Amino acid sequence: MRKDYQNQEIDTSQPAVPDTVSVALAELAGEMREGLLALTVGTGLQVMAAIMEADVTAACGPKGRHDPERTATRHGHGAGSVSLGGRRVPVQRPRMRAVDGSGELPVAAYELFSDTEVLGRMALDRVLAGLSTRHYSLGLEPVGARTETAATATSRSAVSRRFVAQTETALAALLSADLSGLDLVGFMVDGVHFGEHTCVVALGIAIDGTKHPLSLVEGSTENATLVTELIVGLREHGLDVTKPILAVLDGSKALRRAVVDVFDRPVIARCNSTSSEMWLIISRRSCDPRPPRGCGGRITPTRRWPPRPSSRRWPRSWTAPTPAPRRACARAWTTP
């Protein structure tokens, strides 16, 4: 449970930083044998302790001297923890109390180093990259055996809670974002199925080709009412619906109806997923069986494409497959 002084807004932008810091190299002998990163972490923890002591000195005055203008008094040390590379590391934090007896005062440097926001960002990035919560600790940087043994907040439940909190924050920011500054020339909307749930997702394409996720809404099906509500919400958040825009849809009548009802001058373009799959098959089958130039003949195919299913036979109008890009050909070959 956080204490009352920890719930107050603390200015951590200007912590008291000493001009010089003495580092006890004798305490870092073990970290030296484990590599430069472990040595850096051990040095950083000592520097952090010096910065926290400098904050206490700035409020309480020099130790052992009476300062009539001091606003706080030293109150020993207590157990605490700081964020370090996606984990929590226990440290000894200094404590101080107000001179007027109002209670304990926060140490600005400790509040800065103990912020847990960085833990949530790292958990979100790693889980989205494919790292499971079970193996989360394996994806963290090596910071030394002594530090890793004392570290906490790397369990599956802790990482899962941080991931859920970060996704809720990101979703809230997405749904409340101001869209008035976007200059969109393309608009895509489609339903994405996640198990038994259906989410209708809207994506915008700017004039420079940048893709912008606009919003999403959950529903049972891709009905016109749901999609219209989604696009109307985008209009209320500042999206300009009066300019001409290219709306790329999958042929659903509900999507077309919603786009036509909200946008003033949309240009409807149909994107057939079946045609996209066929183009992928054509790109793979049209690869030259010879290795690309510059490979020195050391490249061999890793697999053979399965026979063409009868349901995906090419129409008679396609007399020859369209040559695929060189990048698609290169994916069919790997160095042995």
# chains A, B, ... in the order shown; residues from 1 in each chain; ligands from 1
>>> closest_atom_pairs(of="range 110-196 of chain A", to="range 32-52 of chain A", cutoff="9 Å", atoms="only C-alpha atoms", output="tab-separated table")
residue	atom	partner	partner_atom	distance
A:Tyr110	CA	A:Met52	CA	6.3
A:Phe113	CA	A:Met48	CA	8.2
A:Glu141	CA	A:Leu37	CA	8.4
A:Pro142	CA	A:Ala38	CA	6.8
A:Val143	CA	A:Ala38	CA	4.5
A:Gly144	CA	A:Ala38	CA	4.7
A:Ala145	CA	A:Glu34	CA	8.1
A:Thr147	CA	A:Gly42	CA	8.3
>>> select_by_dssp(residues="range 14-242 of chain A", states="strand (DSSP E)", output="PyMOL selection string")
chain A and resi 72-84+87-98+104-105+184-194+197-206+211-219
>>> residues_around(residues="range 99-102 of chain A", least_positions_apart="5", cutoff="7 Å", atoms="only C-alpha atoms", output="count of residues only")
3
>>> closest_residue(among="A:Leu216, A:Ile245, A:Val127, A:Ala224", to="Asp183 in chain A", atoms="only C-alpha atoms")
A:Ile245
>>> closest_residue(among="A:Arg74, A:Arg265, A:Arg257, A:Arg134", to="Lys243 in chain A", atoms="only C-alpha atoms")
A:Arg265
>>> select_by_dssp(residues="range 166-258 of chain A", states="helix (DSSP H, G or I)", output="ChimeraX atom specification")
/A:166-175,224-236,253-258
>>> residues_around(residues="Ser81 in chain A", least_positions_apart="3", cutoff="7 Å", atoms="only C-alpha atoms", output="VMD selection string")
chain A and resid 88 to 91 114
>>> write_last_selection(atoms="N, CA, C and O atoms", output="CSV table (one decimal), in the first residue's frame")
chain,number,residue,atom,x,y,z
A,88,ARG,N,12.3,-5.4,-10.9
A,88,ARG,CA,12.4,-4.6,-9.7
A,88,ARG,C,13.6,-5.1,-8.9
A,88,ARG,O,13.8,-6.3,-8.7
A,89,VAL,N,14.5,-4.1,-8.5
A,89,VAL,CA,15.7,-4.5,-7.8
A,89,VAL,C,15.5,-3.8,-6.4
A,89,VAL,O,15.3,-2.6,-6.3
A,90,PRO,N,15.7,-4.6,-5.3
A,90,PRO,CA,15.6,-4.0,-3.9
A,90,PRO,C,16.8,-3.1,-3.6
A,90,PRO,O,18.0,-3.4,-4.0
A,91,VAL,N,16.6,-2.0,-3.0
A,91,VAL,CA,17.6,-1.0,-2.6
A,91,VAL,C,17.3,-0.5,-1.3
A,91,VAL,O,16.2,-0.6,-0.8
A,114,SER,N,12.0,4.8,-9.0
A,114,SER,CA,11.1,3.7,-8.7
A,114,SER,C,9.8,3.7,-9.5
A,114,SER,O,8.9,2.9,-9.3
>>> atom_distance(atom1="CA of Leu249 in chain A", atom2="CA of Val227 in chain A")
12.0 Å
>>> residues_around(residues="Ala202 in chain A", least_positions_apart="4", cutoff="10 Å", atoms="only C-alpha atoms", output="ChimeraX atom specification")
/A:187-191,212-217,227,230-231,234
